[in-house]
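Novice: Following this line is final.tsv, made up of TSV, C-alpha atoms:
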chain	number	residue	atom	x	y	z
A	1	MET	CA	-136.09	84.26	-34.88
A	2	SER	CA	-139.56	84.78	-36.33
A	3	TRP	CA	-140.93	83.11	-39.41
A	4	ARG	CA	-142.35	85.43	-42.01
A	5	LYS	CA	-144.63	84.66	-44.88
A	6	GLY	CA	-142.53	86.54	-47.37
A	7	GLY	CA	-140.36	89.54	-47.91
A	8	ASP	CA	-136.70	90.26	-48.35
A	9	GLY	CA	-134.24	88.19	-46.33
A	10	GLY	CA	-136.85	85.65	-45.22
A	11	VAL	CA	-137.78	82.06	-46.13
A	12	SER	CA	-141.36	81.02	-46.52
A	13	ARG	CA	-142.79	78.21	-44.44
A	14	ARG	CA	-143.51	76.20	-47.55
A	15	TRP	CA	-139.85	76.23	-48.63
A	16	ALA	CA	-138.70	75.43	-45.11
A	17	VAL	CA	-140.93	72.36	-44.99
A	18	LEU	CA	-139.71	71.23	-48.42
A	19	LEU	CA	-136.08	71.64	-47.37
A	20	CYS	CA	-136.67	69.56	-44.25
A	21	LEU	CA	-138.36	66.79	-46.24
A	22	GLY	CA	-135.57	66.81	-48.81
A	23	SER	CA	-132.89	66.53	-46.12
A	24	PHE	CA	-134.78	63.67	-44.48
A	25	CYS	CA	-135.02	61.76	-47.79
A	26	LEU	CA	-131.35	62.30	-48.55
A	27	GLY	CA	-130.52	60.99	-45.10
A	28	LEU	CA	-132.57	57.84	-45.66
A	29	LEU	CA	-130.97	57.28	-49.05
A	30	PHE	CA	-127.47	57.64	-47.66
A	31	THR	CA	-128.23	55.33	-44.73
A	32	ASN	CA	-129.70	52.61	-46.98
A	33	ARG	CA	-126.63	52.62	-49.24
A	34	MET	CA	-124.21	52.23	-46.33
A	35	TRP	CA	-126.11	49.54	-44.48
A	36	THR	CA	-127.71	47.48	-47.28
A	37	LEU	CA	-127.51	43.75	-46.42
A	38	PRO	CA	-126.30	41.35	-49.14
A	39	GLU	CA	-128.92	39.57	-51.11
A	40	ALA	CA	-129.60	35.94	-50.29
A	41	ASN	CA	-127.94	34.78	-53.51
A	42	GLU	CA	-124.74	36.64	-52.51
A	43	ILE	CA	-124.37	34.82	-49.19
A	44	ALA	CA	-121.86	31.92	-49.22
A	45	ARG	CA	-123.67	28.64	-48.87
A	46	PRO	CA	-122.26	25.30	-47.65
A	47	ASN	CA	-123.40	23.53	-50.83
A	48	ALA	CA	-122.65	25.91	-53.68
A	49	ASN	CA	-123.53	23.30	-56.28
A	50	VAL	CA	-127.19	23.11	-55.18
A	51	GLU	CA	-129.39	25.01	-57.63
A	52	GLU	CA	-131.45	27.94	-56.36
A	53	GLY	CA	-134.89	26.95	-55.20
A	54	SER	CA	-134.05	23.27	-54.77
A	55	THR	CA	-133.70	21.43	-51.50
A	56	PRO	CA	-130.25	19.90	-51.00
A	57	PRO	CA	-130.32	16.15	-50.37
A	58	ALA	CA	-129.18	14.84	-47.04
A	59	ALA	CA	-125.98	13.38	-48.54
A	60	GLU	CA	-124.82	16.88	-49.57
A	61	CYS	CA	-125.10	18.45	-46.14
A	62	GLY	CA	-122.31	19.70	-43.92
A	63	PRO	CA	-120.50	16.40	-43.20
A	64	LYS	CA	-119.82	15.73	-46.89
A	65	LYS	CA	-118.39	19.20	-47.39
A	66	VAL	CA	-116.09	18.71	-44.43
A	67	GLN	CA	-114.88	15.42	-45.83
A	68	GLN	CA	-114.15	17.01	-49.21
A	69	HIS	CA	-112.18	19.77	-47.52
A	70	ASP	CA	-110.17	17.25	-45.49
A	71	TYR	CA	-109.45	15.20	-48.60
A	72	LYS	CA	-108.13	18.25	-50.42
A	73	ASP	CA	-105.96	19.06	-47.44
A	74	ILE	CA	-104.54	15.52	-47.50
A	75	LEU	CA	-103.74	15.82	-51.19
A	76	ARG	CA	-102.13	19.20	-50.56
A	77	VAL	CA	-99.96	17.72	-47.81
A	78	GLN	CA	-98.99	14.78	-50.03
A	79	ASP	CA	-98.01	17.14	-52.85
A	80	THR	CA	-95.92	19.18	-50.43
A	81	HIS	CA	-94.20	16.04	-49.11
A	82	HIS	CA	-93.45	14.88	-52.65
A	83	GLY	CA	-92.08	18.32	-53.48
A	84	VAL	CA	-89.77	18.21	-50.47
A	85	GLN	CA	-88.52	14.76	-51.48
A	86	THR	CA	-87.87	15.98	-55.03
A	87	LEU	CA	-85.99	19.00	-53.70
A	88	ASP	CA	-83.87	16.77	-51.45
A	89	LYS	CA	-83.04	14.54	-54.41
A	90	THR	CA	-82.08	17.59	-56.50
A	91	ILE	CA	-79.80	18.90	-53.77
A	92	ALA	CA	-78.22	15.47	-53.42
A	93	SER	CA	-77.64	15.34	-57.18
A	94	LEU	CA	-75.87	18.68	-57.12
A	95	GLU	CA	-73.72	17.52	-54.21
A	96	THR	CA	-72.86	14.40	-56.19
A	97	GLU	CA	-71.68	16.48	-59.13
A	98	LEU	CA	-69.61	18.62	-56.78
A	99	SER	CA	-68.06	15.51	-55.25
A	100	ALA	CA	-67.26	14.12	-58.69
A	101	ALA	CA	-65.58	17.38	-59.69
A	102	ARG	CA	-63.54	17.36	-56.49
A	103	SER	CA	-62.47	13.76	-57.07
A	104	LEU	CA	-61.37	14.56	-60.61
A	105	GLN	CA	-59.46	17.63	-59.43
A	106	GLU	CA	-57.66	15.63	-56.72
A	107	SER	CA	-56.74	12.93	-59.23
A	108	LEU	CA	-55.31	15.49	-61.62
A	109	LEU	CA	-53.40	17.32	-58.90
A	110	ASN	CA	-51.97	14.07	-57.52
A	111	GLY	CA	-51.03	12.79	-60.95
A	112	SER	CA	-53.29	9.74	-60.55
A	113	PRO	CA	-54.79	8.16	-63.67
A	114	VAL	CA	-58.40	9.08	-64.35
A	115	ALA	CA	-60.74	6.21	-65.24
A	116	GLU	CA	-61.87	6.15	-68.86
A	117	GLU	CA	-65.50	5.77	-67.77
A	118	PHE	CA	-65.20	9.00	-65.79
A	119	LYS	CA	-63.73	10.85	-68.79
A	120	ILE	CA	-66.55	9.64	-71.01
A	121	SER	CA	-69.24	10.58	-68.48
A	122	GLU	CA	-67.75	14.06	-68.11
A	123	SER	CA	-67.61	14.65	-71.85
A	124	ILE	CA	-71.06	13.44	-72.89
A	125	GLY	CA	-73.07	13.91	-69.70
A	126	ARG	CA	-73.81	11.39	-67.01
A	127	ARG	CA	-76.48	8.78	-67.60
A	128	LYS	CA	-78.82	7.82	-64.77
A	129	TYR	CA	-78.66	4.25	-63.44
A	130	LEU	CA	-80.78	2.35	-60.95
A	131	MET	CA	-77.94	0.77	-59.01
A	132	VAL	CA	-74.25	-0.02	-58.99
A	133	ILE	CA	-73.39	-3.43	-57.52
A	134	GLY	CA	-69.84	-3.67	-56.28
A	135	ILE	CA	-68.72	-7.24	-55.52
A	136	ASN	CA	-66.00	-7.16	-52.89
A	137	THR	CA	-63.27	-9.60	-53.89
A	138	ALA	CA	-59.62	-10.42	-53.18
A	139	PHE	CA	-56.59	-11.48	-55.22
A	140	SER	CA	-56.96	-15.10	-54.08
A	141	SER	CA	-60.67	-15.36	-54.99
A	142	ARG	CA	-60.45	-16.23	-58.70
A	143	LYS	CA	-62.59	-19.36	-58.28
A	144	ARG	CA	-65.27	-17.37	-56.43
A	145	ARG	CA	-65.36	-14.80	-59.19
A	146	ASP	CA	-65.71	-17.46	-61.87
A	147	SER	CA	-68.52	-19.16	-59.95
A	148	ILE	CA	-70.40	-15.84	-59.85
A	149	ARG	CA	-69.79	-15.22	-63.56
A	150	TYR	CA	-71.34	-18.56	-64.41
A	151	THR	CA	-74.36	-18.23	-62.10
A	152	TRP	CA	-76.03	-14.92	-61.24
A	153	MET	CA	-73.83	-12.31	-62.98
A	154	PRO	CA	-74.57	-11.81	-66.72
A	155	GLN	CA	-71.57	-11.87	-69.02
A	156	GLY	CA	-70.53	-10.24	-72.28
A	157	GLU	CA	-73.32	-8.70	-74.32
A	158	LYS	CA	-75.91	-9.60	-71.70
A	159	ARG	CA	-74.08	-7.49	-69.12
A	160	LYS	CA	-73.97	-4.56	-71.55
A	161	LYS	CA	-77.68	-5.03	-72.20
A	162	LEU	CA	-78.27	-5.04	-68.43
A	163	GLU	CA	-76.55	-1.68	-68.16
A	164	GLU	CA	-78.28	-0.11	-71.15
A	165	GLU	CA	-81.82	-1.44	-70.67
A	166	LYS	CA	-82.10	-1.91	-66.90
A	167	GLY	CA	-79.61	0.66	-65.61
A	168	ILE	CA	-77.68	-1.88	-63.52
A	169	ILE	CA	-73.89	-1.82	-63.25
A	170	ILE	CA	-72.03	-4.86	-61.83
A	171	ARG	CA	-68.29	-4.89	-61.13
A	172	PHE	CA	-65.80	-6.84	-59.04
A	173	VAL	CA	-64.13	-4.32	-56.73
A	174	ILE	CA	-60.44	-4.70	-55.96
A	175	GLY	CA	-57.50	-2.47	-55.12
A	176	HIS	CA	-53.80	-3.17	-55.55
A	177	SER	CA	-51.10	-5.00	-53.64
A	178	ALA	CA	-48.63	-3.37	-51.28
A	179	ILE	CA	-46.09	-3.52	-54.10
A	180	SER	CA	-48.03	-1.97	-56.95
A	181	GLY	CA	-47.49	-3.74	-60.25
A	182	GLY	CA	-46.57	-7.07	-58.65
A	183	ILE	CA	-47.52	-10.50	-59.88
A	184	VAL	CA	-51.01	-10.46	-58.29
A	185	ASP	CA	-51.75	-7.08	-59.86
A	186	ARG	CA	-50.70	-8.36	-63.26
A	187	ALA	CA	-52.93	-11.43	-62.81
A	188	ILE	CA	-55.94	-9.17	-62.14
A	189	GLU	CA	-55.09	-7.06	-65.18
A	190	ALA	CA	-55.03	-10.18	-67.36
A	191	GLU	CA	-58.34	-11.36	-65.91
A	192	ASP	CA	-59.87	-7.93	-66.51
A	193	ARG	CA	-58.75	-7.93	-70.13
A	194	LYS	CA	-60.60	-11.19	-70.59
A	195	HIS	CA	-63.85	-10.31	-68.79
A	196	ASN	CA	-63.80	-6.50	-68.49
A	197	ASP	CA	-65.77	-6.64	-65.24
A	198	PHE	CA	-63.42	-5.10	-62.65
A	199	MET	CA	-63.50	-1.79	-60.83
A	200	ARG	CA	-59.96	-0.99	-59.73
A	201	ILE	CA	-59.75	1.41	-56.79
A	202	ASP	CA	-56.88	3.20	-55.07
A	203	HIS	CA	-56.63	0.92	-52.05
A	204	VAL	CA	-54.08	-1.51	-50.65
A	205	GLU	CA	-55.77	-4.89	-50.25
A	206	GLY	CA	-55.93	-6.59	-46.85
A	207	TYR	CA	-58.62	-8.19	-44.66
A	208	LEU	CA	-58.04	-5.73	-41.81
A	209	ALA	CA	-58.47	-2.83	-44.24
A	210	LEU	CA	-62.03	-3.59	-45.37
A	211	SER	CA	-63.44	-0.40	-43.81
A	212	GLY	CA	-61.08	1.70	-45.89
A	213	LYS	CA	-61.91	-0.34	-48.99
A	214	THR	CA	-65.62	0.19	-48.46
A	215	LYS	CA	-65.15	3.92	-48.10
A	216	THR	CA	-62.97	4.10	-51.22
A	217	TYR	CA	-65.45	2.00	-53.21
A	218	PHE	CA	-68.42	4.25	-52.49
A	219	SER	CA	-66.37	7.37	-53.16
A	220	ALA	CA	-65.14	6.04	-56.50
A	221	ALA	CA	-68.51	4.59	-57.57
A	222	VAL	CA	-70.44	7.81	-56.98
A	223	SER	CA	-67.89	9.70	-59.08
A	224	LEU	CA	-68.07	7.19	-61.94
A	225	TRP	CA	-71.80	6.49	-62.17
A	226	ASP	CA	-74.88	8.52	-61.32
A	227	ALA	CA	-77.15	5.93	-59.71
A	228	ASP	CA	-80.04	5.87	-57.26
A	229	PHE	CA	-78.33	3.21	-55.14
A	230	TYR	CA	-74.88	1.81	-54.52
A	231	VAL	CA	-74.69	-1.80	-53.36
A	232	LYS	CA	-71.82	-3.68	-51.71
A	233	VAL	CA	-71.94	-7.49	-51.72
A	234	ASP	CA	-69.36	-10.14	-50.86
A	235	ASP	CA	-68.12	-12.61	-53.48
A	236	ASP	CA	-69.51	-15.62	-51.58
A	237	VAL	CA	-73.15	-14.48	-51.69
A	238	HIS	CA	-75.83	-15.47	-54.24
A	239	VAL	CA	-77.87	-12.54	-55.57
A	240	ASN	CA	-81.14	-12.37	-57.48
A	241	ILE	CA	-80.69	-9.12	-59.40
A	242	ALA	CA	-84.33	-8.50	-60.35
A	243	THR	CA	-85.57	-9.01	-56.79
A	244	LEU	CA	-82.85	-6.72	-55.47
A	245	GLY	CA	-83.75	-4.07	-58.05
A	246	GLN	CA	-87.42	-4.26	-57.11
A	247	ILE	CA	-86.63	-3.83	-53.41
A	248	LEU	CA	-84.46	-0.78	-54.05
A	249	SER	CA	-86.81	0.84	-56.57
A	250	ASN	CA	-89.54	0.90	-53.91
A	251	HIS	CA	-87.40	3.39	-51.97
A	252	ALA	CA	-86.09	5.43	-54.91
A	253	LEU	CA	-87.91	8.64	-53.93
A	254	LYS	CA	-86.47	8.69	-50.43
A	255	PRO	CA	-83.39	10.90	-50.13
A	256	ARG	CA	-81.29	9.17	-47.43
A	257	VAL	CA	-81.82	5.43	-47.28
A	258	TYR	CA	-79.68	2.66	-45.75
A	259	ILE	CA	-81.00	-0.80	-46.68
A	260	GLY	CA	-79.95	-4.21	-45.41
A	261	CYS	CA	-80.55	-6.81	-42.73
A	262	MET	CA	-80.20	-4.70	-39.60
A	263	LYS	CA	-78.56	-6.20	-36.54
A	264	SER	CA	-77.05	-5.17	-33.22
A	265	GLY	CA	-74.51	-7.73	-32.12
A	266	PRO	CA	-72.34	-7.76	-29.00
A	267	VAL	CA	-69.12	-5.75	-28.82
A	268	LEU	CA	-66.39	-8.39	-28.40
A	269	SER	CA	-63.58	-7.21	-26.16
A	270	GLU	CA	-61.60	-10.45	-25.85
A	271	LYS	CA	-58.51	-10.62	-28.03
A	272	GLY	CA	-58.20	-13.56	-30.39
A	273	VAL	CA	-61.92	-14.11	-30.95
A	274	ARG	CA	-63.54	-13.57	-34.32
A	275	TYR	CA	-64.82	-10.02	-34.85
A	276	TYR	CA	-62.75	-8.73	-31.93
A	277	GLU	CA	-63.26	-4.99	-31.46
A	278	PRO	CA	-59.99	-3.21	-30.49
A	279	GLU	CA	-61.95	-0.04	-29.68
A	280	HIS	CA	-64.48	-1.80	-27.48
A	281	TRP	CA	-64.06	0.80	-24.72
A	282	LYS	CA	-65.79	3.37	-26.92
A	283	PHE	CA	-69.04	1.41	-26.69
A	284	GLY	CA	-69.38	1.55	-22.91
A	285	GLU	CA	-69.27	-1.23	-20.38
A	286	ALA	CA	-68.44	-4.85	-21.17
A	287	GLY	CA	-71.38	-6.75	-22.63
A	288	ASN	CA	-72.80	-3.77	-24.50
A	289	LYS	CA	-74.05	-4.07	-28.06
A	290	TYR	CA	-73.29	-2.14	-31.22
A	291	PHE	CA	-75.69	0.44	-32.61
A	292	ARG	CA	-78.07	-0.82	-35.27
A	293	HIS	CA	-76.33	-1.47	-38.61
A	294	ALA	CA	-76.67	-3.68	-41.70
A	295	THR	CA	-74.92	-7.02	-41.86
A	296	GLY	CA	-71.87	-6.90	-44.11
A	297	GLN	CA	-72.77	-9.57	-46.68
A	298	LEU	CA	-74.97	-7.18	-48.66
A	299	TYR	CA	-76.25	-3.65	-48.10
A	300	ALA	CA	-77.26	-0.66	-50.19
A	301	ILE	CA	-77.18	3.09	-49.67
A	302	SER	CA	-78.81	5.88	-51.64
A	303	LYS	CA	-76.81	8.32	-53.75
A	304	ASP	CA	-76.71	11.17	-51.27
A	305	LEU	CA	-75.28	8.90	-48.57
A	306	ALA	CA	-72.59	7.72	-50.99
A	307	THR	CA	-71.92	11.37	-51.77
A	308	TYR	CA	-71.65	12.15	-48.06
A	309	ILE	CA	-69.04	9.39	-47.69
A	310	SER	CA	-67.12	10.71	-50.69
A	311	ILE	CA	-67.04	14.30	-49.46
A	312	ASN	CA	-66.10	13.38	-45.87
A	313	ARG	CA	-63.95	10.31	-46.56
A	314	HIS	CA	-60.82	11.88	-45.06
A	315	VAL	CA	-62.43	12.36	-41.63
A	316	LEU	CA	-64.70	9.32	-41.31
A	317	HIS	CA	-63.43	6.96	-38.62
A	318	LYS	CA	-62.71	3.33	-39.57
A	319	TYR	CA	-63.49	0.54	-37.10
A	320	ILE	CA	-61.96	-2.85	-37.73
A	321	ASN	CA	-65.31	-4.31	-38.87
A	322	GLU	CA	-66.49	-2.64	-42.07
A	323	ASP	CA	-70.21	-3.09	-41.43
A	324	VAL	CA	-69.81	-1.36	-38.06
A	325	SER	CA	-67.84	1.44	-39.74
A	326	LEU	CA	-70.58	2.05	-42.31
A	327	GLY	CA	-73.26	2.19	-39.64
A	328	SER	CA	-71.19	4.61	-37.55
A	329	TRP	CA	-70.82	7.03	-40.45
A	330	PHE	CA	-74.60	7.59	-40.51
A	331	ILE	CA	-75.07	8.21	-36.79
A	332	GLY	CA	-76.28	11.75	-36.32
A	333	LEU	CA	-77.60	11.98	-39.88
A	334	ASP	CA	-81.27	11.97	-40.84
A	335	VAL	CA	-81.10	8.48	-42.37
A	336	GLU	CA	-83.92	5.97	-42.78
A	337	HIS	CA	-82.82	2.43	-41.89
A	338	ILE	CA	-84.69	-0.19	-43.94
A	339	ASP	CA	-84.60	-3.72	-42.51
A	340	ASP	CA	-85.48	-6.19	-45.28
A	341	ARG	CA	-84.93	-9.85	-44.47
A	342	ARG	CA	-85.01	-10.85	-48.15
A	343	LEU	CA	-81.44	-9.56	-48.25
A	344	CYS	CA	-80.17	-12.25	-45.87
A	345	CYS	CA	-81.90	-15.54	-46.61
A	346	GLY	CA	-80.25	-18.84	-45.82
A	347	THR	CA	-79.09	-21.37	-48.39
A	348	PRO	CA	-81.38	-24.28	-49.37
A	349	PRO	CA	-83.79	-25.32	-48.08
A	350	ASP	CA	-84.52	-21.81	-46.68
A	351	CYS	CA	-84.31	-19.79	-49.92
A	352	GLU	CA	-85.83	-22.70	-51.87
A	353	TRP	CA	-88.97	-22.82	-49.71
A	354	LYS	CA	-89.36	-19.06	-49.91
A	355	ALA	CA	-89.01	-19.11	-53.69
A	356	GLN	CA	-91.68	-21.81	-53.96
A	357	ALA	CA	-93.96	-19.70	-51.78
A	358	GLY	CA	-93.52	-16.72	-54.12
A	359	ASN	CA	-91.28	-14.77	-51.74
A	360	THR	CA	-88.05	-14.85	-53.73
A	361	CYS	CA	-84.91	-13.89	-51.83
A	362	ALA	CA	-82.61	-11.14	-53.06
A	363	ALA	CA	-79.51	-12.61	-51.38
A	364	SER	CA	-78.68	-16.00	-49.86
A	365	PHE	CA	-75.76	-17.19	-47.75
A	366	ASP	CA	-74.87	-19.25	-44.66
A	367	TRP	CA	-74.77	-17.26	-41.43
A	368	ARG	CA	-72.26	-19.62	-39.82
A	369	CYS	CA	-69.76	-18.93	-42.62
A	370	SER	CA	-70.72	-15.25	-43.13
A	371	GLY	CA	-71.25	-16.28	-46.74
A	372	ILE	CA	-71.98	-19.47	-48.67
A	373	CYS	CA	-69.82	-22.19	-47.13
A	374	ASN	CA	-67.44	-23.49	-49.82
A	375	SER	CA	-69.06	-21.05	-52.22
A	376	GLU	CA	-66.94	-22.05	-55.24
A	377	GLY	CA	-68.86	-25.33	-55.42
A	378	ARG	CA	-72.09	-24.76	-53.51
A	379	ILE	CA	-73.18	-21.54	-55.21
A	380	TRP	CA	-74.29	-23.72	-58.14
A	381	GLU	CA	-76.67	-25.58	-55.83
A	382	VAL	CA	-78.03	-22.32	-54.45
A	383	HIS	CA	-78.48	-20.95	-57.96
A	384	ASN	CA	-80.30	-24.02	-59.24
A	385	LYS	CA	-82.76	-24.08	-56.32
A	386	CYS	CA	-83.19	-20.40	-55.42
A	387	ALA	CA	-82.58	-18.35	-58.59
A	388	GLU	CA	-85.43	-16.18	-59.82
A	389	GLY	CA	-84.90	-17.20	-63.45
A	390	GLU	CA	-83.46	-15.21	-66.34
A	391	LYS	CA	-86.88	-14.10	-67.58
A	392	ALA	CA	-87.57	-12.38	-64.27
A	393	LEU	CA	-84.63	-10.07	-64.87
A	394	TRP	CA	-85.33	-9.15	-68.49
A	395	ASN	CA	-89.08	-8.79	-67.92
A	396	SER	CA	-88.66	-6.65	-64.82
A	397	THR	CA	-89.80	-3.03	-64.72
A	398	PHE	CA	-88.14	-0.89	-62.10
Please re-express this file's structure in structure tokens.

Specialist:
Amino acid sequence: MSWRKGGDGGVSRRWAVLLCLGSFCLGLLFTNRMWTLPEANEIARPNANVEEGSTPPAAECGPKKVQQHDYKDILRVQDTHHGVQTLDKTIASLETELSAARSLQESLLNGSPVAEEFKISESIGRRKYLMVIGINTAFSSRKRRDSIRYTWMPQGEKRKKLEEEKGIIIRFVIGHSAISGGIVDRAIEAEDRKHNDFMRIDHVEGYLALSGKTKTYFSAAVSLWDADFYVKVDDDVHVNIATLGQILSNHALKPRVYIGCMKSGPVLSEKGVRYYEPEHWKFGEAGNKYFRHATGQLYAISKDLATYISINRHVLHKYINEDVSLGSWFIGLDVEHIDDRRLCCGTPPDCEWKAQAGNTCAASFDWRCSGICNSEGRIWEVHNKCAEGEKALWNSTF
């Protein structure tokens, strides 16, 4: 093709050159827009708080930024962990309400009387308590009960104040005799009318039936009161309520907690000895030890564990020793075992020395008697030397 200076159908050289230059410029413009690098002030910098044109000090260099990032990550993990704990507690609370509804339904269907406290809680909404302390007692233990009433257990208006202001419920726990309505049952009813401090449960009393009594107590307590913890204590043990409340409140955010003095004693297979285990063969060869569990004088479980017992009470196996039974019910569950030796101090001088050193005991008893030896008389001595003082209870903040 020939270039012509002018004429029809032709393009002049001048226009051709201008078209080429124009195309070249358009190409440069297009290329610059697609490949323009970000300005310096648009680039992310390690220290965004350093003003433009200033030199960042050495303390604000990379290592500090990394530490800040790690700290935020730690806080984020802690918030997540707290959220999980709160969710677990919420689920446990819903399960508790379900268990309470089931218990009420069973009572109505069986024609059993429904406790007045349960009716009130259902009608006006359940109040939240810190702990329910159930004192295991027997028909023949009137003197033990009186010794507790006059030492560590508040009476009358003070007990009501303890419930209202501190969220602490205390009751003597007892069932009924084999012949319901007999003379021993009527004696307990008369005693209850005087002191109003009993929790009557649907259980036939007997030393060899303590595992069943423990199971029935937790099932009934969780249906009557909405508490963070449920405590079982024997009626020959001295308790400092404020110290116990402080110990439990430190674990209130944990969903499944089993608190006591943990032990693992031998499985006794010889008939006639104390704490003989009829089902010793289930624990392996002779000389084996039990799994870890809390000693029976005093222990506490969180609400969701009490709810678990209530829901599954018909299928939970009962060993002859109630502390072994309780420990067995939690095997296979995601339960945190808390071993706190303040829950199993000795009687004076042990608890007295610890109190003087500022390490007040929550519970005191004699190991050789599995409780305070001759507790009807000696609990006064223990109280005088090892009690935390009344002010400690009323000034406590849980």

Novice: Within 8 Å of stretch 343-346 of chain A, counting only C-alpha atoms, which residues qualify if same-chain residues fewer than 2 places away don't, as a ChimeraX atom specification?

Specialist: /A:244,260-261,297-299,340-341,348-351,361-367

Novice: Find, counting all atoms listed in the file, the residue in A:Glu163, A:Asp228, A:Asp146, A:Glu336 that gets nearest to A:Val257.

Specialist: A:Glu336

Novice: Would you mind reading off the distance between atom CA of A:Trp225 and atom CA of A:Ser302, one decimal, in Å?

Specialist: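 Interatomic distance, atom CA of A:Trp225 to atom CA of A:Ser302: 12.7 Å.
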
Novice: In Å, with one decimal, what is the gap from atom CA of A:Glu157 to atom CA of A:Val184?

Specialist: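 A separation of 27.5 Å between them.
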
Novice: Rounded to one decimal place, report the atom CA of A:Lys354-atom CA of A:Lys232 distance in Å.

Specialist: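 Interatomic distance here is 23.4 Å.
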
Novice: Out of A:Gly182, A:Gly212, A:Gly245, A:Gly358, which residue has the shortest atom-to-atom distance to A:Ile169 when counting only C-alpha atoms?

Specialist: A:Gly245

Novice: Leaving out A:Lys143 and any residue of its chain fewer than 2 positions from it, which residues lie within 10 Å of it when counting all atoms listed in the file, given as a list in words?

Specialist: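 So, after excluding close chain neighbours, the residues are Ser140, Ser141, Arg145, Asp146, Ser147, Ile148, Arg149, Asp235, Ser375, Glu376 and Gly377 of chain A.
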
Novice: Near stretch 273-285 of chain A, counting only C-alpha atoms, which residues have an atom at most 9 Å away, once you skip same-chain residues fewer than 5 positions from it, shown as a list in words?

Specialist: Val267, Leu268, Tyr290, Phe291, Tyr319, Ile320 and Asn321 of chain A

Novice: I'd like the contact shell of A:Arg200 - 12 Å cut-off, all atoms listed in the file, skipping same-chain residues fewer than 6 positions apart - returned as a PDB file with C-alpha atoms, in the frame of the given file.

Specialist:
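Output below, filename out.pdb:
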ATOM      1  CA  PRO A 113     -54.790   8.160 -63.670  1.00  0.00           C
ATOM      2  CA  VAL A 114     -58.400   9.080 -64.350  1.00  0.00           C
ATOM      3  CA  ALA A 115     -60.740   6.210 -65.240  1.00  0.00           C
ATOM      4  CA  GLU A 116     -61.870   6.150 -68.860  1.00  0.00           C
ATOM      5  CA  GLU A 117     -65.500   5.770 -67.770  1.00  0.00           C
ATOM      6  CA  GLY A 134     -69.840  -3.670 -56.280  1.00  0.00           C
ATOM      7  CA  ILE A 135     -68.720  -7.240 -55.520  1.00  0.00           C
ATOM      8  CA  ASN A 136     -66.000  -7.160 -52.890  1.00  0.00           C
ATOM      9  CA  THR A 137     -63.270  -9.600 -53.890  1.00  0.00           C
ATOM     10  CA  ALA A 138     -59.620 -10.420 -53.180  1.00  0.00           C
ATOM     11  CA  PHE A 139     -56.590 -11.480 -55.220  1.00  0.00           C
ATOM     12  CA  ARG A 171     -68.290  -4.890 -61.130  1.00  0.00           C
ATOM     13  CA  PHE A 172     -65.800  -6.840 -59.040  1.00  0.00           C
ATOM     14  CA  VAL A 173     -64.130  -4.320 -56.730  1.00  0.00           C
ATOM     15  CA  ILE A 174     -60.440  -4.700 -55.960  1.00  0.00           C
ATOM     16  CA  GLY A 175     -57.500  -2.470 -55.120  1.00  0.00           C
ATOM     17  CA  HIS A 176     -53.800  -3.170 -55.550  1.00  0.00           C
ATOM     18  CA  SER A 177     -51.100  -5.000 -53.640  1.00  0.00           C
ATOM     19  CA  ASP A 185     -51.750  -7.080 -59.860  1.00  0.00           C
ATOM     20  CA  ILE A 188     -55.940  -9.170 -62.140  1.00  0.00           C
ATOM     21  CA  GLU A 189     -55.090  -7.060 -65.180  1.00  0.00           C
ATOM     22  CA  ASP A 192     -59.870  -7.930 -66.510  1.00  0.00           C
ATOM     23  CA  LYS A 213     -61.910  -0.340 -48.990  1.00  0.00           C
ATOM     24  CA  THR A 216     -62.970   4.100 -51.220  1.00  0.00           C
ATOM     25  CA  TYR A 217     -65.450   2.000 -53.210  1.00  0.00           C
ATOM     26  CA  ALA A 220     -65.140   6.040 -56.500  1.00  0.00           C
ATOM     27  CA  ALA A 221     -68.510   4.590 -57.570  1.00  0.00           C
ATOM     28  CA  LEU A 224     -68.070   7.190 -61.940  1.00  0.00           C
TER      29      LEU A 224
END

Novice: With distances taken over only C-alpha atoms, which of A:Cys369, A:Ile133, A:Ile331, A:Ile168 is nearest to A:Leu316?

Specialist: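 Among the listed residues, the smallest separation from A:Leu316 belongs to A:Ile331.
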
Novice: Which is closest to A:Asn196 among A:Lys271, A:Lys160, A:Tyr230, A:Ser180, if we use all atoms listed in the file?

Specialist: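 The closest residue to A:Asn196 is A:Lys160.
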
Novice: Within 12 Å of (-85.7, -9.9, -72.4), all atoms listed in the file: residues as a PyMOL selection string?

Specialist: chain A and resi 158+161-162+165-166+389-397

Novice: Padding 6 Å on each side, edges along x, y and z: where is the centre of the box around the listed atoms of stretch 138-142 of chain A, and how long are its edges in Å to one decimal? Output it as JSON.

Specialist:
{"center_x": -58.6, "center_y": -13.3, "center_z": -55.9, "size_x": 16.1, "size_y": 17.8, "size_z": 17.5}

Novice: Please determine, counting all atoms listed in the file, which residue among A:Gly265, A:Leu208, A:Arg256, A:Ala355 has the shortest atom-to-atom distance to A:Phe330.

Specialist: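 Of A:Gly265, A:Leu208, A:Arg256, A:Ala355, the one nearest A:Phe330, counting all atoms listed in the file, is A:Arg256.
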
Novice: May I ask which of the residues A:Thr347, A:Gln356, A:Gln155, A:Ser23 is the closest one to A:Val237, counting only C-alpha atoms?

Specialist: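 Comparing A:Thr347, A:Gln356, A:Gln155, A:Ser23 against A:Val237, the winner is A:Thr347.
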